[in-house]
Every structure is written in structure tokens, then in C-alpha cells.
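Engineer: One structure, as C-alpha cells, below. Some questions next.
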Amino acid sequence: MKIITRTGINAYPLLSRGKVRDIYAIDENTLLIVTTDRMSAFDVMMSRPIPYKGVILNQITLFWMDMFKDIVPNHIIESDVNKFPAPLNPWLDQLEGRAVLVRRARPLPVECIVRGYISGSGWKSYQADGTICGHTLPAGLKESDKLEAPIFTPSTKAQFGQHDENISRECAAVLLGDSIAQDVEEKTLAIYKRGSEYAASRGIIVADTKLEFGFIDGTLHLIDEVLTPDSSRFWPAESYEPGHSQPSFDKQYLRDWLKSQPWDMQPPAPTLPDEVVEATAAKYQEAYRILTGKELGIN
């Protein structure tokens with residue numbers, strides 16, 4: 001496998017180059033999604049990649065999508081690069097492990113977030129007025145406390161370089177319609193319940209996660225990434241202690257390092273030292289190993 005920060009496939013049109021993923025149009029119904037090793041934090045791109053991060057994100061997503069396919073269908077068509085269209089053959093060594101063919105979906109205009117613990121922007125909101133996205137919570141909660149029950153806290157989708165905006169369930173219903181909003185809330189909570197229970201059995205607390213859905217032929221599908229270290233907060237259960245932020249298997253380590261630097265959170269970001277790149281890569285690889293029970297198999 002290769003470390004990939006940018007693809008240059010000229011056999012098909014490039015539709016978008018996001019924070020992490022390069023997306024190509026195979027035909028009017030099929031997309032190629034390539035998850036690169038690019039890293040962003042605080043909506044700013046880092047100058048150095050995290051080795052094999054894209055492979056880990058892709059493989060963890062495939063693992064979860066298979067586990068949740070009875071809750072909601074997903075957009076995956078093929079993940080074996082040897083079964084990709086022949087025009088992609090010159091790039092198979094770049095695509096191995098990190099690329100999928102998917103059905104093209106019409107994404108919903110909201111991101112579906114579920115929180116089982118109080119942390120991050122949810123903790124800040126609670127400190128301000130005792131609520132998170134319209135949910136009134138009990139008084140006296142501490143940072144990282146487990147909530148009585150997981151809560152659905154959707155957000156709008158912002159362009160890269162801007163910040164998503166947390167919204168209430170009522171606002172989501174206005175954007176989506178009552179029926180669709182209720183459907184995605186139920187599916188989001190069901191996915192979180194199963195995923196967090198499985199992760200707990202492996203010693204990982206899923207504090208919160210972000211999911212995306214879209215319509216394909218009129219049916220709601222799970223799309224994009226699922227319960228990865230980029231879209232979730234993963235905490236080691238053995239060291240969990242409410243009252244402060246938690247050590248994590250996600251990019252919180254990188255965020256904490258960046259916040260310790262004399263940086264105003266505007267581009268360009270500080271250059272990541274070797275030890276930060278290596279430690280972040282190790283955290284992603286450890287999350288993959290613990291969740292799937294497999295080694296990454298980097299050659």
C-alpha cells in the first residue's frame with residue numbers, strides 16, 4: 001500500500017476533492033470514492049498526511065456498513081479493486097484498500113449526529129444554557145458524563161473552511177420534512193446503539209458520532225464514512241473518568257497538540273513534527289485493530 005495525499009486519475013471526471021476524499025464519476029449512477037491520507041483539523045488542512053489513515057477510515061467504514069445493513073441499506077457496490085473497471089488498472093496500487101465504488105445518492109442537507117456522552121461542542125453548549133441542540137439536560141453534569149439516553153443532535157453542512165452549525169430536531173424537520181427527519185433520527189439512534197454496544201465489548205466508548213444519509217431510487221441509504229476516528233470520539237474504556245476531557249483513539253490528540261501551539265486556527269497550520277504524525281497514525285491503527293480484530297497489513 002502507498003501513502004496517498006492526492007489522486008490524479010484521468011480515466012474519469014473528478015467531481016470533488018474534499019478534506020479527505022477524492023470523488024470521481026464512473027457513470028451517471030456510479031461514483032469512485034478514494035479516501036486519502038490527508039488530515040484536517042479545525043477545518044484547516046495540515047501540510048503532512050497521516051500514513052494509511054485513508055485505508056483505516058475506508059476499512060472501518062466497510063466493517064460497520066456490513067454490520068448495519070439490516071438497519072439501513074448502504075451505497076457500496078464494490079470494494080475489491082481487482083473488480084474495478086478496467087480503465088482504473090493503472091491506479092490500482094494507489095486505490096488498494098482505500099477506494100470503493102458506490103451508487104450515486106442524493107445526500108440529505110443535514111449531518112446526523114448522536115451523542116451518548118457530553119463532550120466537545122455539546123459540553124460548551126451545556127455550560128452556556130444547560131441544553132444541546134434543543135435538548136434540555138439535567139443540571140450538574142460534568143464534562144464527559146454519560147447521558148441518561150443518547151440524543152439526536154443534527155447539524156447543517158458547511159463548506160470546507162467554514163463550521164457546521166448545530167440545529168434542533170425541529171429545524172431538521174423543517175429542512176427534511178417530518179417523516180424523513182423522524183426516519184433518520186430513528187436509524188441514527190439504532191446505529192449508535194448497536195455500534196456503541198459492540199465497541200464497548202472491545203473496550204472502546206463511542207462518545208458521539210456523525211452519520212450521513214442520502215436517497216437512492218427513493219430509498220434512504222447510509223453513505224460516506226461510518227463510526228470512524230474522523231467522524232466519532234473513541235475513548236478507551238479502561239481510563240474513562242468523567243470531569244475532564246478523555247484520552248482518545250481519534251484525532252483529538254492532534255487537536256490538543258495544535259491548541260498548545262501559538263496558532264490562531266487560520267491557514268496555514270503549524271507543520272506537524274514526526275512524533276505527532278507517528279503518534280496520530282498509531283492511534284488510528286490501534287482503533288482499527290481493536291474494533292475489527294485485524295491488523296492493517298501495511299506492506
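In the C-alpha cells, chains take the letters A, B, ... in the order shown, each chain's residues start at 1, and ligands count up from 1 in the order shown.
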For Glu212 (chain A), please output as a list in words all residues within 10 Å (counting only C-alpha atoms; exclusion window: fewer than 4 positions along the same chain).
Structural biologist: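 Answer for this query is Pro107, Leu108, Pro109, Val110, Glu111, Cys112, Ile113, Val184, Thr188, His221, Leu222, Ile223, Asp224, Glu225 and Val226 of chain A.
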Engineer: Given the selection you just returned, output its residues as a file containing N, CA and C atoms, formatted as a compact mmCIF listing (two decimals), in the first residue's frame.
Structural biologist:
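The new file part.txt reads:
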```
# COMPACT_ATOMS: atom_id res chain seq x y z
N PRO A 107 -27.62 13.33 -1.28
CA PRO A 107 -27.38 13.46 0.16
C PRO A 107 -28.40 14.37 0.84
N LEU A 108 -28.71 14.05 2.08
CA LEU A 108 -29.55 14.94 2.87
C LEU A 108 -28.75 16.19 3.24
N PRO A 109 -29.43 17.33 3.41
CA PRO A 109 -28.72 18.58 3.70
C PRO A 109 -28.36 18.75 5.17
N VAL A 110 -28.45 17.68 5.96
CA VAL A 110 -28.05 17.74 7.37
C VAL A 110 -27.14 16.58 7.69
N GLU A 111 -26.28 16.77 8.68
CA GLU A 111 -25.47 15.68 9.21
C GLU A 111 -26.16 15.17 10.47
N CYS A 112 -26.21 13.87 10.60
CA CYS A 112 -26.97 13.24 11.68
C CYS A 112 -26.01 12.84 12.81
N ILE A 113 -26.04 13.60 13.88
CA ILE A 113 -25.11 13.41 14.99
C ILE A 113 -25.86 12.81 16.17
N VAL A 184 -34.60 9.34 9.86
CA VAL A 184 -33.14 9.39 10.04
C VAL A 184 -32.77 9.43 11.52
N THR A 188 -30.39 6.69 13.00
CA THR A 188 -29.15 7.15 13.62
C THR A 188 -29.00 6.59 15.02
N HIS A 221 -30.47 5.64 2.21
CA HIS A 221 -29.26 4.82 2.32
C HIS A 221 -28.24 5.49 3.23
N LEU A 222 -27.44 4.67 3.89
CA LEU A 222 -26.29 5.15 4.66
C LEU A 222 -25.14 5.38 3.69
N ILE A 223 -24.51 6.57 3.76
CA ILE A 223 -23.44 6.92 2.82
C ILE A 223 -22.25 7.49 3.58
N ASP A 224 -21.17 7.76 2.83
CA ASP A 224 -19.98 8.40 3.35
C ASP A 224 -19.28 7.50 4.37
N GLU A 225 -18.71 8.07 5.44
CA GLU A 225 -17.99 7.26 6.41
C GLU A 225 -18.87 6.95 7.61
N VAL A 226 -18.53 5.86 8.31
CA VAL A 226 -19.38 5.39 9.41
C VAL A 226 -18.51 5.02 10.61
```
Engineer: Using only C-alpha atoms, can you tell me which of A:Ile151, A:Ala199, A:Met1, A:Leu176 comes closest to Gln94 (chain A)?
Structural biologist: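 Closest candidate: A:Met1.
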Engineer: Quick one: everything within 10 Å of region 119-126 of chain A, counting only C-alpha atoms, minus sequence neighbours fewer than 6 positions away in the same chain. Send it as a PDB file with C-alpha atoms, in the first residue's frame.
Structural biologist:
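part_28.pdb, written as the output of this step:
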```pdb
ATOM      1  CA  ILE A 132     -27.676  20.756  23.477  1.00  0.00           C
ATOM      2  CA  CYS A 133     -29.472  21.375  20.172  1.00  0.00           C
ATOM      3  CA  HIS A 135     -32.428  19.060  24.379  1.00  0.00           C
ATOM      4  CA  THR A 136     -32.661  20.296  27.971  1.00  0.00           C
ATOM      5  CA  LEU A 137     -30.324  18.218  30.117  1.00  0.00           C
ATOM      6  CA  PRO A 138     -30.198  17.653  33.886  1.00  0.00           C
ATOM      7  CA  ALA A 139     -28.275  20.168  35.972  1.00  0.00           C
ATOM      8  CA  LEU A 141     -23.450  17.225  34.585  1.00  0.00           C
ATOM      9  CA  LYS A 142     -19.672  17.086  34.300  1.00  0.00           C
ATOM     10  CA  GLU A 143     -17.588  17.060  31.141  1.00  0.00           C
ATOM     11  CA  SER A 144     -17.564  13.569  29.571  1.00  0.00           C
ATOM     12  CA  ASP A 145     -20.519  12.367  31.670  1.00  0.00           C
ATOM     13  CA  LYS A 146     -22.656   9.637  30.132  1.00  0.00           C
ATOM     14  CA  THR A 153     -28.309  16.497  17.590  1.00  0.00           C
ATOM     15  CA  ASN A 166     -25.751  22.686  15.320  1.00  0.00           C
ATOM     16  CA  ALA A 207     -18.899   9.131  22.948  1.00  0.00           C
ATOM     17  CA  ASP A 208     -20.558  10.534  19.834  1.00  0.00           C
ATOM     18  CA  ARG A 233     -14.985  10.282  19.548  1.00  0.00           C
ATOM     19  CA  HIS A 244     -12.428  16.315  32.155  1.00  0.00           C
ATOM     20  CA  SER A 245     -11.590  15.558  28.529  1.00  0.00           C
ATOM     21  CA  GLN A 246     -10.629  11.959  27.771  1.00  0.00           C
TER      22      GLN A 246
END
```
Engineer: Do you know which residues are at most 8 Å from Thr209 (chain A) counting only C-alpha atoms, after dropping those on the same chain fewer than 2 positions away, and could you put them as an NGL selection string?
Structural biologist: :A and (113-115 or 192 or 206-207 or 211 or 227 or 231-233)
Engineer: Step one, run DSSP on the backbone; step two, keep only residues of region 15-233 of chain A assigned to strand (DSSP E); then write them as a VMD selection string.
Structural biologist: chain A and resid 15 to 17 21 to 27 30 to 35 40 to 41 44 to 45 76 to 78 99 to 103 106 to 107 110 to 117 131 to 132 135 to 136 146 to 152 155 to 156 204 to 216 219 to 223 232 to 233
Engineer: Extract, using only C-alpha atoms, all DNA, RNA and protein residues at most 10 Å from Arg21 (chain A), discarding same-chain residues fewer than 6 positions from it, and format them as a list in words.
Structural biologist: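 Near Arg21 (chain A), the qualifying residues are Thr5, Arg6, Thr7, Leu32, Ile33, Val34, Thr35, Thr36, Asp37, Arg38, Gly54, Arg98, Ala99 and Asp224 of chain A.
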Engineer: For Ala200 (chain A), please output as a ChimeraX atom specification all residues within 12 Å (counting only C-alpha atoms; exclusion window: fewer than 3 positions along the same chain).
Structural biologist: /A:192-197,203-207,234-238,240,290-291
Engineer: Those same residues, written as a compact mmCIF listing (two decimals), in the first residue's frame with N, CA, C and O atoms?
Structural biologist:
```txt
# COMPACT_ATOMS: atom_id res chain seq x y z
N TYR A 192 -26.21 3.91 16.37
CA TYR A 192 -25.36 4.23 17.50
C TYR A 192 -25.49 3.18 18.61
O TYR A 192 -24.49 2.77 19.21
N LYS A 193 -26.70 2.74 18.88
CA LYS A 193 -26.92 1.74 19.92
C LYS A 193 -26.13 0.47 19.62
O LYS A 193 -25.38 -0.03 20.46
N ARG A 194 -26.28 -0.05 18.41
CA ARG A 194 -25.58 -1.29 18.07
C ARG A 194 -24.08 -1.09 18.02
O ARG A 194 -23.31 -1.89 18.54
N GLY A 195 -23.65 0.01 17.39
CA GLY A 195 -22.22 0.26 17.26
C GLY A 195 -21.54 0.50 18.59
O GLY A 195 -20.45 -0.01 18.86
N SER A 196 -22.19 1.29 19.46
CA SER A 196 -21.57 1.59 20.75
C SER A 196 -21.54 0.37 21.66
O SER A 196 -20.59 0.17 22.43
N GLU A 197 -22.57 -0.49 21.57
CA GLU A 197 -22.57 -1.71 22.36
C GLU A 197 -21.46 -2.66 21.89
O GLU A 197 -20.77 -3.28 22.72
N GLY A 203 -13.82 -2.67 24.49
CA GLY A 203 -13.09 -1.74 25.35
C GLY A 203 -13.03 -0.31 24.86
O GLY A 203 -12.21 0.48 25.33
N ILE A 204 -13.91 0.06 23.92
CA ILE A 204 -13.95 1.43 23.39
C ILE A 204 -15.31 2.06 23.68
O ILE A 204 -16.35 1.45 23.42
N ILE A 205 -15.30 3.26 24.21
CA ILE A 205 -16.51 4.05 24.38
C ILE A 205 -16.68 4.93 23.13
O ILE A 205 -15.75 5.66 22.75
N VAL A 206 -17.82 4.84 22.49
CA VAL A 206 -18.15 5.76 21.39
C VAL A 206 -18.94 6.91 22.01
O VAL A 206 -20.12 6.78 22.29
N ALA A 207 -18.26 8.01 22.26
CA ALA A 207 -18.90 9.13 22.95
C ALA A 207 -19.94 9.80 22.07
O ALA A 207 -21.02 10.19 22.53
N PHE A 234 -13.73 8.29 20.06
CA PHE A 234 -13.48 6.97 20.63
C PHE A 234 -12.61 7.12 21.88
O PHE A 234 -11.49 7.63 21.79
N TRP A 235 -13.12 6.66 23.02
CA TRP A 235 -12.36 6.74 24.27
C TRP A 235 -12.03 5.35 24.79
O TRP A 235 -12.89 4.45 24.73
N PRO A 236 -10.83 5.12 25.30
CA PRO A 236 -10.54 3.84 25.94
C PRO A 236 -11.34 3.70 27.23
O PRO A 236 -11.27 4.55 28.12
N ALA A 237 -12.12 2.62 27.33
CA ALA A 237 -12.99 2.45 28.50
C ALA A 237 -12.21 2.30 29.79
O ALA A 237 -12.66 2.75 30.85
N GLU A 238 -11.02 1.70 29.72
CA GLU A 238 -10.27 1.41 30.94
C GLU A 238 -9.81 2.67 31.67
O GLU A 238 -9.58 2.64 32.88
N TYR A 240 -11.57 5.69 31.39
CA TYR A 240 -12.66 6.66 31.40
C TYR A 240 -12.90 7.20 32.81
O TYR A 240 -13.02 6.45 33.78
N ILE A 290 -8.46 -2.80 17.36
CA ILE A 290 -9.37 -3.15 18.45
C ILE A 290 -10.79 -3.40 17.93
O ILE A 290 -11.44 -4.37 18.33
N LEU A 291 -11.27 -2.56 17.04
CA LEU A 291 -12.64 -2.69 16.56
C LEU A 291 -12.83 -3.91 15.67
O LEU A 291 -13.83 -4.63 15.80
```
Engineer: Pick out the residues sitting within 12 Å of Lys294 (chain A), and hand them over as a PyMOL selection string; count only C-alpha atoms, and ignore anything fewer than 4 positions along from it in its own chain.
Structural biologist: chain A and resi 56+59-60+63+285-290+298
Engineer: Let me see the file: selected residues, C-alpha atoms, as a compact mmCIF listing (two decimals), in the first residue's frame.
Structural biologist:
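In the end it all went to result02.txt:
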```txt
# COMPACT_ATOMS: atom_id res chain seq x y z
CA ILE A 56 -8.16 2.76 8.04
CA GLN A 59 -11.87 -0.32 6.10
CA ILE A 60 -13.61 0.68 9.33
CA PHE A 63 -16.81 -3.09 8.63
CA GLN A 285 -4.20 1.91 13.66
CA GLU A 286 -4.99 0.89 17.24
CA ALA A 287 -8.66 1.85 16.77
CA TYR A 288 -8.79 -0.33 13.65
CA ARG A 289 -7.15 -3.30 15.37
CA ILE A 290 -9.37 -3.15 18.45
CA ILE A 298 0.71 -2.48 5.63
```
Engineer: Take CA of Lys251 (chain A) and CA of Ala190 (chain A) and report the distance between them in Å, one decimal.
Structural biologist: 25.0 Å
Engineer: Do you have, as a Markdown table, the list of residues of region 96-120 of chain A lying at most 10 Å from region 24-29 of chain A, each with its nearest atom pair and that distance in Å to one decimal, counting only C-alpha atoms and ordered by chain then number?
Structural biologist:
```
| residue | atom | partner | partner_atom | distance |
| --- | --- | --- | --- | --- |
| A:Leu101 | CA | A:Ile26 | CA | 8.5 |
| A:Val102 | CA | A:Asn29 | CA | 8.5 |
| A:Arg103 | CA | A:Asn29 | CA | 5.8 |
| A:Arg104 | CA | A:Asn29 | CA | 5.2 |
| A:Ala105 | CA | A:Asn29 | CA | 8.3 |
```
Engineer: For Val20 (chain A), which residue out of A:Met45, A:Ala269, A:Leu254, A:Ile3 is the nearest one, using only C-alpha atoms?
Structural biologist: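 Looking only at the distances to Val20 (chain A), the closest residue turns out to be A:Met45.
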Engineer: Among region 47-271 of chain A, which residues carry a DSSP assignment of helix (DSSP H, G or I), reported as JSON, numbers by chain?
Structural biologist: {"A": [53, 54, 55, 56, 57, 58, 59, 60, 61, 62, 63, 64, 65, 66, 67, 68, 81, 82, 83, 86, 87, 88, 89, 90, 91, 92, 93, 94, 95, 120, 121, 122, 123, 124, 125, 126, 127, 128, 129, 169, 170, 171, 172, 173, 174, 175, 176, 178, 179, 180, 181, 182, 183, 184, 185, 186, 187, 188, 189, 190, 191, 192, 193, 194, 195, 196, 197, 198, 199, 200, 201, 237, 238, 239, 252, 253, 254, 255, 256, 257, 258, 259]}
Engineer: Rank A:Gln266, A:Ser16, A:Ser239, A:Asn10 by their smallest atom-to-atom distance to Pro87 (chain A), using only C-alpha atoms, and report the top residue only.
Structural biologist: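 With only C-alpha atoms as the atom set, the closest residue is A:Asn10.
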Engineer: Grab the CA of Ser168 (chain A) to CA of Gly214 (chain A) distance for me, in Å with one decimal place.
Structural biologist: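 Separation of CA of Ser168 (chain A) and CA of Gly214 (chain A): 19.7 Å.
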Engineer: For a quick check of understanding, using only C-alpha atoms, which of A:Asp178, A:Glu96, A:Asp264, A:Asp66 has the smallest distance to Val44 (chain A)?
Structural biologist: A:Asp264
